[in-house]
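Everything on this sheet refers to the single structure shown next.
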Amino acid sequence: MKKIAVAAIVIAVLIFGAFWLKSDKHFEQQSFLMGTVISEKVYGYNARKASAEAMARIGEIENTMTVNAQGSQAEALNEASGKKSIRLDGDIIEVLETAKKYSSISGGAFDVTVGPLVKAWGISTEHFKIPEKEEIDELLSLVNYNDIYIDSNNGTVRLAREGQAVDLGAIAKGYAADQTIEIYKRWGIKSAYINLGGNVSVLGKKPDGTLWRIGIQNPRAANGKIVGVINIQDKSVVTSGDYERFSEKDNVRYHHILDPHTGYPSGSGLMGATILADSSVAADALSTAVFVLGLEKGIELVESLEGVEAVFITEDKRIYTTSGLKDEFIFDDESKEFQYVQKR
Amino acid sequence: MFKKGDIILILSIALIAAAGYISLKIHNTGGSHRIAVIIQNDSVIKRIDLDKVKRNEKIKIPGKYNETAFVEKGRIRFGHADCPDELCVKAGWLTHPGDMAVCIPNRAIIKIEGYANELDGVAY
């Protein structure tokens, strides 16, 4: 009889164990870093440790890349513009190299040397202002990604002309997301989600084996209201929109994405552009690029790139997707204000 | 071959296992209740079951911006804040799972757990 009791206990332990495994060791948290909210969901053993390391890494990247705090490497580079080349960490050199690559393929629609203009407009500060036309024209002459000279052998970088400045705000979060996913992988995590102020990256599938369901924000509705859904695994989804940060003056809305060719908030006819790609740094840079390029040129650019897809929302509230997303994008507009245009 | 005691033992272990499983399930999904969470500086200030709110309440949120959350049955919001842009207050009432309002200067978040349409997240 004792045997039966022992067997019963063993079975019970096994059942508990199975439920324990099924319930997943998982860790969720929200933090404030890189000037935004970061949400994480990490599943698997070591979830907590992986998450802690990821957050520390994001903090480190922020300290290197920010231009809103003294003492960062980006600030040091800007300070030395036109004077000397300076030694920088591998992180920022990689970001600058990637930035130049996407500047080049987008014909300068994405350009991290918009720094002087970002400052003049007071973007990301409490002191938004509309600069004089003369000031904008003068600062425009400082915008040119070809003036970033990178010597990767010696780890040094130089901005050619005095007054030039990089602003990594349109690419640093993507880099941070990619680094985070690498950290999860190193800890043996198979399933994770990270959202850096709207930039989503996922590792693997969900713990239950299904795809991650990621909503695309409705550009004219409250946070969390969506116009559609994409189901993904091992992908990053990044949106650039006119609604993320904007200021109003005399009933005119000024958003935060500057067109490097005009020096003004881009007026390409888009409310939002969402990019899907394997790497978040690519998605981040490209979302800005296609937002500035507009629908036609944006679609053209995305279709020319392997493994990259996009969703465009135009100011007349139409939604377009690139060919690879035709079946993946699920139109789901609660507001009934948008129209999904199936092209091609 | 089973004694009465064994049967009771086996049944009670099975019951405990089932209870454990059910409680895990409920814990994971949060049931059907809408749970609001107020977070400031990475710590949870308060969790509120919005469906069980009996009377309206104002909850003080720590930090230097004199922020207050308003809670009513089925909804919650930032009611007052002295932060520069007051985006948190402008976010208005939160009513659905996944709704979230954030005050970045004060590192404060009010959110309703879960997501509508069984979403895992939103890109914005």
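Here's how to read the names in the structure tokens: chain A, B, ... by the order shown, residue numbers from 1 in each chain, ligand numbers from 1 in the order shown.
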Which residues of chain B come within 9 Å of chain A, and what is each one's closest atom pair and distance in Å (one decimal), counting only C-alpha atoms, sorted by chain and residue number, as JSON lines?
{"residue": "B:Met1", "atom": "CA", "partner": "A:Met1", "partner_atom": "CA", "distance": 8.1}
{"residue": "B:Phe2", "atom": "CA", "partner": "A:Met1", "partner_atom": "CA", "distance": 7.1}
{"residue": "B:Lys3", "atom": "CA", "partner": "A:Met1", "partner_atom": "CA", "distance": 7.5}
{"residue": "B:Asp6", "atom": "CA", "partner": "A:Ala5", "partner_atom": "CA", "distance": 6.3}
{"residue": "B:Leu9", "atom": "CA", "partner": "A:Ala5", "partner_atom": "CA", "distance": 7.2}
{"residue": "B:Ile10", "atom": "CA", "partner": "A:Ala8", "partner_atom": "CA", "distance": 5.9}
{"residue": "B:Ile13", "atom": "CA", "partner": "A:Ala12", "partner_atom": "CA", "distance": 6.3}
{"residue": "B:Ala14", "atom": "CA", "partner": "A:Ala12", "partner_atom": "CA", "distance": 6.7}
{"residue": "B:Ile16", "atom": "CA", "partner": "A:Ala12", "partner_atom": "CA", "distance": 8.6}
{"residue": "B:Ala17", "atom": "CA", "partner": "A:Phe16", "partner_atom": "CA", "distance": 6.2}
{"residue": "B:Ala18", "atom": "CA", "partner": "A:Phe16", "partner_atom": "CA", "distance": 9.0}
{"residue": "B:Gly20", "atom": "CA", "partner": "A:Phe16", "partner_atom": "CA", "distance": 7.7}
{"residue": "B:Tyr21", "atom": "CA", "partner": "A:Phe19", "partner_atom": "CA", "distance": 6.5}
{"residue": "B:Leu24", "atom": "CA", "partner": "A:Ser23", "partner_atom": "CA", "distance": 7.2}
{"residue": "B:Lys25", "atom": "CA", "partner": "A:Ser23", "partner_atom": "CA", "distance": 8.1}
{"residue": "B:Asn28", "atom": "CA", "partner": "A:Ser23", "partner_atom": "CA", "distance": 7.9}
{"residue": "B:Ile39", "atom": "CA", "partner": "A:Gln30", "partner_atom": "CA", "distance": 8.8}
{"residue": "B:Asn41", "atom": "CA", "partner": "A:Ser31", "partner_atom": "CA", "distance": 7.9}
{"residue": "B:Asp42", "atom": "CA", "partner": "A:Ser31", "partner_atom": "CA", "distance": 6.1}
{"residue": "B:Pro84", "atom": "CA", "partner": "A:Glu126", "partner_atom": "CA", "distance": 7.4}
{"residue": "B:Asp85", "atom": "CA", "partner": "A:Glu126", "partner_atom": "CA", "distance": 8.0}
{"residue": "B:Ala91", "atom": "CA", "partner": "A:Ala222", "partner_atom": "CA", "distance": 6.8}
{"residue": "B:Gly92", "atom": "CA", "partner": "A:Ala222", "partner_atom": "CA", "distance": 8.6}
{"residue": "B:Gly98", "atom": "CA", "partner": "A:Gly224", "partner_atom": "CA", "distance": 6.4}
{"residue": "B:Asp99", "atom": "CA", "partner": "A:Gly224", "partner_atom": "CA", "distance": 5.7}
{"residue": "B:Met100", "atom": "CA", "partner": "A:Asn223", "partner_atom": "CA", "distance": 6.7}
{"residue": "B:Ala101", "atom": "CA", "partner": "A:Asn223", "partner_atom": "CA", "distance": 7.6}
{"residue": "B:Val102", "atom": "CA", "partner": "A:Val37", "partner_atom": "CA", "distance": 7.9}
{"residue": "B:Ile104", "atom": "CA", "partner": "A:Thr36", "partner_atom": "CA", "distance": 6.5}
{"residue": "B:Pro105", "atom": "CA", "partner": "A:Gly35", "partner_atom": "CA", "distance": 8.8}
{"residue": "B:Arg107", "atom": "CA", "partner": "A:Phe32", "partner_atom": "CA", "distance": 6.3}
{"residue": "B:Ala108", "atom": "CA", "partner": "A:Phe32", "partner_atom": "CA", "distance": 9.0}
{"residue": "B:Ile109", "atom": "CA", "partner": "A:Val37", "partner_atom": "CA", "distance": 8.8}
{"residue": "B:Tyr115", "atom": "CA", "partner": "A:Gly224", "partner_atom": "CA", "distance": 8.6}
{"residue": "B:Ala116", "atom": "CA", "partner": "A:Gly224", "partner_atom": "CA", "distance": 8.6}
{"residue": "B:Glu118", "atom": "CA", "partner": "A:Arg213", "partner_atom": "CA", "distance": 7.5}
{"residue": "B:Leu119", "atom": "CA", "partner": "A:Arg213", "partner_atom": "CA", "distance": 5.0}
{"residue": "B:Asp120", "atom": "CA", "partner": "A:Arg213", "partner_atom": "CA", "distance": 5.2}
{"residue": "B:Gly121", "atom": "CA", "partner": "A:Ile214", "partner_atom": "CA", "distance": 5.0}
{"residue": "B:Val122", "atom": "CA", "partner": "A:Gly215", "partner_atom": "CA", "distance": 4.4}
{"residue": "B:Ala123", "atom": "CA", "partner": "A:Gly198", "partner_atom": "CA", "distance": 4.7}
{"residue": "B:Tyr124", "atom": "CA", "partner": "A:Gly198", "partner_atom": "CA", "distance": 4.3}
Selection: 8 Å around stretch 260-269 of chain A, only C-alpha atoms, excl. self and same-chain fewer than 2 positions, as a PyMOL selection string
chain A and resi 108-111+114+117+136-137+140+143+254-258+271+291-295+314-315
query: What residues in stretch 7-120 of chain B get the DSSP label strand (DSSP E)? Please answer as a ChimeraX atom specification.
result: /B:35-40,43-49,57-61,67-72,75-80,100-103,108-112
Distance in Å - atom CA of A:Ala283 versus atom CA of A:Pro116: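 Separation between atom CA of A:Ala283 and atom CA of A:Pro116: 24.0 Å.
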Quick check, in Å to one decimal: how far apart do atom CA of B:Ile110 and atom CA of A:Asp178 lie?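 We find that atom CA of B:Ile110 and atom CA of A:Asp178 lie 27.4 Å from each other.
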Could you list, as a PDB file with all heavy atoms, in the first residue's frame, every residue within 9 Å of A:Ser106, counting only C-alpha atoms and ignoring same-chain residues fewer than 6 positions away?
ATOM      1  N   LEU A 286      15.178  52.693 -41.879  1.00  0.00           N
ATOM      2  CA  LEU A 286      14.319  52.676 -43.070  1.00  0.00           C
ATOM      3  C   LEU A 286      12.947  53.290 -42.809  1.00  0.00           C
ATOM      4  O   LEU A 286      12.353  53.900 -43.707  1.00  0.00           O
ATOM      5  CB  LEU A 286      14.155  51.241 -43.586  1.00  0.00           C
ATOM      6  CG  LEU A 286      15.364  50.689 -44.342  1.00  0.00           C
ATOM      7  CD1 LEU A 286      15.212  49.187 -44.577  1.00  0.00           C
ATOM      8  CD2 LEU A 286      15.548  51.421 -45.684  1.00  0.00           C
ATOM      9  N   ALA A 289      13.478  56.843 -43.278  1.00  0.00           N
ATOM     10  CA  ALA A 289      13.754  57.111 -44.695  1.00  0.00           C
ATOM     11  C   ALA A 289      12.467  57.096 -45.522  1.00  0.00           C
ATOM     12  O   ALA A 289      12.189  58.031 -46.271  1.00  0.00           O
ATOM     13  CB  ALA A 289      14.746  56.083 -45.244  1.00  0.00           C
ATOM     14  N   VAL A 290      11.655  56.044 -45.381  1.00  0.00           N
ATOM     15  CA  VAL A 290      10.460  55.969 -46.227  1.00  0.00           C
ATOM     16  C   VAL A 290       9.398  56.963 -45.781  1.00  0.00           C
ATOM     17  O   VAL A 290       8.632  57.455 -46.604  1.00  0.00           O
ATOM     18  CB  VAL A 290       9.865  54.539 -46.328  1.00  0.00           C
ATOM     19  CG1 VAL A 290      10.897  53.561 -46.869  1.00  0.00           C
ATOM     20  CG2 VAL A 290       9.305  54.060 -45.023  1.00  0.00           C
ATOM     21  N   LEU A 293      10.498  59.864 -47.663  1.00  0.00           N
ATOM     22  CA  LEU A 293      10.381  59.667 -49.115  1.00  0.00           C
ATOM     23  C   LEU A 293       8.936  59.728 -49.604  1.00  0.00           C
ATOM     24  O   LEU A 293       8.668  60.129 -50.737  1.00  0.00           O
ATOM     25  CB  LEU A 293      10.987  58.317 -49.521  1.00  0.00           C
ATOM     26  CG  LEU A 293      12.514  58.213 -49.529  1.00  0.00           C
ATOM     27  CD1 LEU A 293      12.944  56.777 -49.752  1.00  0.00           C
ATOM     28  CD2 LEU A 293      13.120  59.136 -50.591  1.00  0.00           C
ATOM     29  N   GLY A 298       8.897  55.376 -51.389  1.00  0.00           N
ATOM     30  CA  GLY A 298       9.085  54.500 -50.238  1.00  0.00           C
ATOM     31  C   GLY A 298       8.854  53.046 -50.618  1.00  0.00           C
ATOM     32  O   GLY A 298       9.646  52.163 -50.276  1.00  0.00           O
ATOM     33  N   LEU A 301      11.731  51.806 -52.720  1.00  0.00           N
ATOM     34  CA  LEU A 301      12.932  51.487 -51.946  1.00  0.00           C
ATOM     35  C   LEU A 301      12.773  50.151 -51.213  1.00  0.00           C
ATOM     36  O   LEU A 301      13.649  49.283 -51.272  1.00  0.00           O
ATOM     37  CB  LEU A 301      13.227  52.613 -50.940  1.00  0.00           C
ATOM     38  CG  LEU A 301      14.354  52.331 -49.936  1.00  0.00           C
ATOM     39  CD1 LEU A 301      15.682  52.089 -50.640  1.00  0.00           C
ATOM     40  CD2 LEU A 301      14.501  53.472 -48.937  1.00  0.00           C
TER      41      LEU A 301
END
Exercise. What is the atom CA of A:Thr64 to atom CA of A:Val157 distance in Å?
Worked result: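 Computing the Euclidean distance for atom CA of A:Thr64 and atom CA of A:Val157 yields 14.2 Å.
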Counting only C-alpha atoms, the residue among B:Leu94, B:Ile7, B:Ile35, B:Ile112 that lies closest to B:Leu50 is B:Ile35
Note to self: If we count only C-alpha atoms and set the cut-off at 10 Å, which residues sit around B:Pro62, ignoring sequence neighbours fewer than 2 positions away in its own chain? Please answer as a ChimeraX atom specification.
What the structure shows: /B:39-41,45,59-60,64-68,106-108
- [ ] Write out as a list in words the residues lying within 10 Å of A:Ile299, counting only C-alpha atoms and excluding same-chain residues fewer than 2 positions away.
- [x] Val290, Leu293, Gly294, Leu295, Glu296, Lys297, Leu301, Val302, Glu303, Ser304, Glu309, Ala310, Val311, Phe312, Tyr320, Thr321, Thr322 and Ser323 of chain A
For the residues selected in the previous step, produce a file with all heavy atoms as a short mmCIF file (atom, residue, chain, number, x, y, z; two decimals), in the first residue's frame.
data_model
loop_
_atom_site.label_atom_id
_atom_site.label_comp_id
_atom_site.auth_asym_id
_atom_site.auth_seq_id
_atom_site.Cartn_x
_atom_site.Cartn_y
_atom_site.Cartn_z
N VAL A 290 11.66 56.04 -45.38
CA VAL A 290 10.46 55.97 -46.23
C VAL A 290 9.40 56.96 -45.78
O VAL A 290 8.63 57.45 -46.60
CB VAL A 290 9.87 54.54 -46.33
CG1 VAL A 290 10.90 53.56 -46.87
CG2 VAL A 290 9.31 54.06 -45.02
N LEU A 293 10.50 59.86 -47.66
CA LEU A 293 10.38 59.67 -49.12
C LEU A 293 8.94 59.73 -49.60
O LEU A 293 8.67 60.13 -50.74
CB LEU A 293 10.99 58.32 -49.52
CG LEU A 293 12.51 58.21 -49.53
CD1 LEU A 293 12.94 56.78 -49.75
CD2 LEU A 293 13.12 59.14 -50.59
N GLY A 294 8.00 59.27 -48.78
CA GLY A 294 6.60 59.23 -49.20
C GLY A 294 6.25 57.89 -49.81
O GLY A 294 7.10 56.99 -49.95
N LEU A 295 4.98 57.75 -50.19
CA LEU A 295 4.44 56.45 -50.60
C LEU A 295 5.15 55.83 -51.81
O LEU A 295 5.68 54.72 -51.71
CB LEU A 295 2.94 56.60 -50.89
CG LEU A 295 2.21 55.34 -51.35
CD1 LEU A 295 2.22 54.30 -50.25
CD2 LEU A 295 0.78 55.66 -51.75
N GLU A 296 5.17 56.54 -52.92
CA GLU A 296 5.68 55.93 -54.15
C GLU A 296 7.15 55.54 -54.05
O GLU A 296 7.52 54.40 -54.27
CB GLU A 296 5.45 56.87 -55.35
CG GLU A 296 3.98 57.07 -55.70
CD GLU A 296 3.24 55.76 -55.99
OE1 GLU A 296 3.88 54.82 -56.53
OE2 GLU A 296 2.05 55.65 -55.65
N LYS A 297 7.97 56.53 -53.69
CA LYS A 297 9.41 56.26 -53.59
C LYS A 297 9.71 55.31 -52.45
O LYS A 297 10.66 54.51 -52.52
CB LYS A 297 10.18 57.56 -53.37
CG LYS A 297 10.28 58.42 -54.62
CD LYS A 297 11.10 59.65 -54.30
CE LYS A 297 11.11 60.61 -55.48
NZ LYS A 297 11.59 61.95 -55.05
N LEU A 301 11.73 51.81 -52.72
CA LEU A 301 12.93 51.49 -51.95
C LEU A 301 12.77 50.15 -51.21
O LEU A 301 13.65 49.28 -51.27
CB LEU A 301 13.23 52.61 -50.94
CG LEU A 301 14.35 52.33 -49.94
CD1 LEU A 301 15.68 52.09 -50.64
CD2 LEU A 301 14.50 53.47 -48.94
N VAL A 302 11.64 49.99 -50.54
CA VAL A 302 11.44 48.77 -49.75
C VAL A 302 11.40 47.52 -50.64
O VAL A 302 11.99 46.49 -50.31
CB VAL A 302 10.17 48.88 -48.89
CG1 VAL A 302 9.86 47.55 -48.20
CG2 VAL A 302 10.33 49.97 -47.84
N GLU A 303 10.74 47.64 -51.79
CA GLU A 303 10.66 46.48 -52.68
C GLU A 303 12.04 46.09 -53.23
O GLU A 303 12.25 44.95 -53.62
CB GLU A 303 9.71 46.75 -53.86
CG GLU A 303 8.25 47.03 -53.46
CD GLU A 303 7.42 45.78 -53.17
OE1 GLU A 303 8.02 44.72 -52.91
OE2 GLU A 303 6.19 45.89 -53.18
N SER A 304 12.97 47.05 -53.24
CA SER A 304 14.30 46.75 -53.76
C SER A 304 15.17 46.03 -52.74
O SER A 304 16.26 45.57 -53.05
CB SER A 304 14.99 48.04 -54.21
OG SER A 304 15.44 48.76 -53.07
N GLU A 309 9.74 44.61 -45.53
CA GLU A 309 8.38 44.91 -45.96
C GLU A 309 7.91 46.17 -45.26
O GLU A 309 8.53 46.61 -44.29
CB GLU A 309 7.42 43.75 -45.63
CG GLU A 309 7.81 42.40 -46.22
CD GLU A 309 7.78 42.36 -47.75
OE1 GLU A 309 7.13 43.23 -48.36
OE2 GLU A 309 8.41 41.46 -48.33
N ALA A 310 6.81 46.76 -45.75
CA ALA A 310 6.36 48.01 -45.14
C ALA A 310 4.85 48.19 -45.22
O ALA A 310 4.18 47.63 -46.09
CB ALA A 310 7.05 49.19 -45.83
N VAL A 311 4.34 48.96 -44.26
CA VAL A 311 2.95 49.41 -44.26
C VAL A 311 2.98 50.94 -44.28
O VAL A 311 3.69 51.55 -43.47
CB VAL A 311 2.21 48.94 -42.99
CG1 VAL A 311 0.76 49.42 -43.00
CG2 VAL A 311 2.28 47.43 -42.84
N PHE A 312 2.23 51.54 -45.20
CA PHE A 312 2.19 53.00 -45.30
C PHE A 312 0.79 53.49 -44.97
O PHE A 312 -0.19 52.90 -45.43
CB PHE A 312 2.51 53.45 -46.73
CG PHE A 312 3.88 53.03 -47.20
CD1 PHE A 312 4.08 51.77 -47.76
CD2 PHE A 312 4.96 53.89 -47.10
CE1 PHE A 312 5.33 51.39 -48.20
CE2 PHE A 312 6.22 53.51 -47.53
CZ PHE A 312 6.41 52.25 -48.09
N TYR A 320 -1.49 51.23 -47.40
CA TYR A 320 -0.88 50.44 -48.47
C TYR A 320 0.18 49.53 -47.86
O TYR A 320 0.82 49.89 -46.88
CB TYR A 320 -0.18 51.36 -49.48
CG TYR A 320 -1.08 52.34 -50.17
CD1 TYR A 320 -1.42 53.55 -49.57
CD2 TYR A 320 -1.59 52.08 -51.45
CE1 TYR A 320 -2.25 54.47 -50.20
CE2 TYR A 320 -2.41 52.98 -52.09
CZ TYR A 320 -2.74 54.17 -51.46
OH TYR A 320 -3.56 55.07 -52.09
N THR A 321 0.34 48.36 -48.44
CA THR A 321 1.42 47.48 -47.98
C THR A 321 2.27 47.06 -49.17
O THR A 321 1.82 47.09 -50.31
CB THR A 321 0.86 46.20 -47.32
OG1 THR A 321 0.02 45.53 -48.25
CG2 THR A 321 0.09 46.51 -46.07
N THR A 322 3.52 46.65 -48.88
CA THR A 322 4.37 46.13 -49.96
C THR A 322 3.90 44.70 -50.29
O THR A 322 3.18 44.07 -49.50
CB THR A 322 5.85 46.12 -49.53
OG1 THR A 322 5.95 45.53 -48.24
CG2 THR A 322 6.40 47.53 -49.50
N SER A 323 4.37 44.19 -51.42
CA SER A 323 3.81 42.94 -51.95
C SER A 323 3.94 41.76 -50.98
O SER A 323 3.03 40.94 -50.87
CB SER A 323 4.45 42.61 -53.29
OG SER A 323 5.85 42.73 -53.20
#
Extract, using only C-alpha atoms, all DNA, RNA and protein residues at most 12 Å from A:Thr98, discarding same-chain residues fewer than 6 positions from it, and format them as a short mmCIF file (atom, residue, chain, number, x, y, z; two decimals) with all heavy atoms, in the first residue's frame.
data_model
loop_
_atom_site.label_atom_id
_atom_site.label_comp_id
_atom_site.auth_asym_id
_atom_site.auth_seq_id
_atom_site.Cartn_x
_atom_site.Cartn_y
_atom_site.Cartn_z
N ASP A 91 30.40 50.41 -30.51
CA ASP A 91 28.96 50.58 -30.66
C ASP A 91 28.62 51.74 -31.58
O ASP A 91 27.87 51.59 -32.55
CB ASP A 91 28.32 50.89 -29.29
CG ASP A 91 28.09 49.65 -28.47
OD1 ASP A 91 27.98 48.56 -29.07
OD2 ASP A 91 28.01 49.76 -27.23
N ILE A 92 29.16 52.90 -31.28
CA ILE A 92 28.76 54.11 -32.02
C ILE A 92 29.35 54.07 -33.43
O ILE A 92 28.72 54.54 -34.38
CB ILE A 92 29.11 55.40 -31.23
CG1 ILE A 92 28.51 56.63 -31.94
CG2 ILE A 92 30.58 55.56 -31.01
CD1 ILE A 92 28.49 57.86 -31.06
N SER A 104 22.84 56.36 -47.77
CA SER A 104 23.23 56.19 -49.16
C SER A 104 22.12 55.52 -49.97
O SER A 104 21.75 56.02 -51.04
CB SER A 104 24.53 55.38 -49.20
OG SER A 104 24.75 54.89 -50.48
N ILE A 105 21.53 54.42 -49.45
CA ILE A 105 20.50 53.75 -50.26
C ILE A 105 19.20 54.54 -50.32
O ILE A 105 18.39 54.31 -51.20
CB ILE A 105 20.23 52.29 -49.82
CG1 ILE A 105 19.68 52.23 -48.41
CG2 ILE A 105 21.46 51.42 -49.97
CD1 ILE A 105 19.17 50.83 -48.07
N PHE A 110 17.26 59.65 -45.19
CA PHE A 110 17.63 59.41 -43.80
C PHE A 110 19.06 59.91 -43.66
O PHE A 110 19.92 59.54 -44.47
CB PHE A 110 17.57 57.90 -43.50
CG PHE A 110 18.22 57.53 -42.20
CD1 PHE A 110 17.55 57.71 -41.01
CD2 PHE A 110 19.50 57.00 -42.18
CE1 PHE A 110 18.15 57.38 -39.80
CE2 PHE A 110 20.11 56.66 -40.97
CZ PHE A 110 19.43 56.85 -39.79
N ASP A 111 19.30 60.77 -42.70
CA ASP A 111 20.64 61.33 -42.58
C ASP A 111 20.87 61.77 -41.13
O ASP A 111 20.20 62.68 -40.65
CB ASP A 111 20.81 62.53 -43.52
CG ASP A 111 22.25 62.97 -43.66
OD1 ASP A 111 23.02 62.81 -42.71
OD2 ASP A 111 22.61 63.49 -44.74
N VAL A 112 21.81 61.11 -40.44
CA VAL A 112 22.02 61.43 -39.03
C VAL A 112 22.72 62.78 -38.83
O VAL A 112 22.78 63.28 -37.71
CB VAL A 112 22.82 60.34 -38.27
CG1 VAL A 112 22.00 59.08 -38.12
CG2 VAL A 112 24.16 60.07 -38.93
N TYR A 145 25.77 63.28 -44.97
CA TYR A 145 26.30 62.07 -44.35
C TYR A 145 27.68 61.69 -44.90
O TYR A 145 28.43 60.96 -44.25
CB TYR A 145 25.33 60.90 -44.52
CG TYR A 145 25.03 60.52 -45.96
CD1 TYR A 145 25.79 59.56 -46.60
CD2 TYR A 145 24.00 61.14 -46.66
CE1 TYR A 145 25.53 59.22 -47.91
CE2 TYR A 145 23.73 60.81 -47.97
CZ TYR A 145 24.49 59.84 -48.60
OH TYR A 145 24.24 59.50 -49.90
N ILE A 148 30.84 62.30 -42.71
CA ILE A 148 31.24 61.46 -41.57
C ILE A 148 32.36 60.56 -42.06
O ILE A 148 32.13 59.68 -42.89
CB ILE A 148 30.08 60.58 -41.06
CG1 ILE A 148 28.81 61.42 -40.80
CG2 ILE A 148 30.50 59.82 -39.81
CD1 ILE A 148 27.60 60.56 -40.47
N ILE A 150 34.86 57.70 -41.26
CA ILE A 150 35.06 56.64 -40.27
C ILE A 150 36.32 55.84 -40.62
O ILE A 150 36.46 55.36 -41.74
CB ILE A 150 33.86 55.67 -40.23
CG1 ILE A 150 32.57 56.45 -39.93
CG2 ILE A 150 34.09 54.57 -39.19
CD1 ILE A 150 31.31 55.63 -40.12
N LEU A 168 21.50 60.70 -33.28
CA LEU A 168 21.29 59.28 -33.53
C LEU A 168 19.90 58.80 -33.10
O LEU A 168 19.63 57.61 -33.03
CB LEU A 168 22.39 58.46 -32.83
CG LEU A 168 23.81 58.86 -33.27
CD1 LEU A 168 24.86 58.12 -32.48
CD2 LEU A 168 24.00 58.61 -34.77
N ALA A 170 17.17 58.56 -34.57
CA ALA A 170 16.37 57.77 -35.51
C ALA A 170 16.98 56.40 -35.78
O ALA A 170 16.53 55.69 -36.68
CB ALA A 170 16.21 58.54 -36.83
N ILE A 171 17.99 56.02 -35.01
CA ILE A 171 18.64 54.73 -35.27
C ILE A 171 19.12 54.02 -34.01
O ILE A 171 19.19 52.78 -33.97
CB ILE A 171 19.82 54.93 -36.27
CG1 ILE A 171 20.34 53.58 -36.79
CG2 ILE A 171 20.93 55.76 -35.67
CD1 ILE A 171 21.23 53.68 -38.00
N ALA A 172 19.36 54.79 -32.93
CA ALA A 172 19.94 54.18 -31.72
C ALA A 172 19.03 53.16 -31.07
O ALA A 172 19.49 52.13 -30.56
CB ALA A 172 20.31 55.28 -30.71
N GLY A 174 16.93 51.21 -32.53
CA GLY A 174 17.00 49.99 -33.33
C GLY A 174 18.23 49.18 -32.99
O GLY A 174 18.18 47.97 -32.83
N TYR A 175 19.35 49.89 -32.86
CA TYR A 175 20.60 49.22 -32.48
C TYR A 175 20.45 48.56 -31.11
O TYR A 175 20.84 47.41 -30.91
CB TYR A 175 21.74 50.24 -32.48
CG TYR A 175 23.09 49.63 -32.16
CD1 TYR A 175 23.77 48.87 -33.10
CD2 TYR A 175 23.67 49.83 -30.91
CE1 TYR A 175 25.01 48.31 -32.80
CE2 TYR A 175 24.91 49.28 -30.60
CZ TYR A 175 25.58 48.52 -31.55
OH TYR A 175 26.79 47.97 -31.25
N SER A 279 16.45 42.90 -38.90
CA SER A 279 17.21 43.69 -37.93
C SER A 279 16.46 44.97 -37.61
O SER A 279 15.85 45.60 -38.46
CB SER A 279 18.61 43.99 -38.48
OG SER A 279 18.74 45.34 -38.82
N SER A 280 16.51 45.34 -36.34
CA SER A 280 15.76 46.51 -35.89
C SER A 280 16.47 47.80 -36.29
O SER A 280 15.83 48.82 -36.52
CB SER A 280 15.58 46.46 -34.37
OG SER A 280 14.63 47.41 -33.96
N VAL A 281 17.79 47.74 -36.39
CA VAL A 281 18.51 48.95 -36.78
C VAL A 281 18.16 49.30 -38.23
O VAL A 281 17.95 50.47 -38.57
CB VAL A 281 20.04 48.78 -36.55
CG1 VAL A 281 20.72 47.94 -37.60
CG2 VAL A 281 20.73 50.13 -36.43
N ALA A 282 17.99 48.27 -39.06
CA ALA A 282 17.55 48.50 -40.45
C ALA A 282 16.13 49.05 -40.47
O ALA A 282 15.83 50.03 -41.16
CB ALA A 282 17.62 47.20 -41.24
N ALA A 283 15.25 48.43 -39.67
CA ALA A 283 13.86 48.86 -39.63
C ALA A 283 13.74 50.30 -39.14
O ALA A 283 12.96 51.10 -39.66
CB ALA A 283 13.04 47.93 -38.74
N ASP A 284 14.57 50.65 -38.15
CA ASP A 284 14.53 51.99 -37.57
C ASP A 284 14.94 53.05 -38.61
O ASP A 284 14.23 54.02 -38.87
CB ASP A 284 15.46 52.04 -36.35
CG ASP A 284 15.07 53.12 -35.35
OD1 ASP A 284 14.07 53.82 -35.59
OD2 ASP A 284 15.77 53.26 -34.33
N ALA A 285 16.10 52.82 -39.23
CA ALA A 285 16.60 53.78 -40.23
C ALA A 285 15.64 53.85 -41.43
O ALA A 285 15.31 54.94 -41.91
CB ALA A 285 18.00 53.36 -40.70
N LEU A 286 15.18 52.69 -41.88
CA LEU A 286 14.32 52.68 -43.07
C LEU A 286 12.95 53.29 -42.81
O LEU A 286 12.35 53.90 -43.71
CB LEU A 286 14.15 51.24 -43.59
CG LEU A 286 15.36 50.69 -44.34
CD1 LEU A 286 15.21 49.19 -44.58
CD2 LEU A 286 15.55 51.42 -45.68
#
### Query
Taking the backbone alone, and naming residues the way the document does, which bits of chain B are helix (DSSP H, G or I) by DSSP, as number ranges by chain?
B: 4-29, 50-52, 87-90, 116-118
Query - Nearby residues (only C-alpha atoms) at most 8 Å from B:Ile48, same-chain spacing under 4 positions excluded, as a list in words - result: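 Listed by chain and then number, they are Ile35, Ala36, Val37 and Val53 of chain B.
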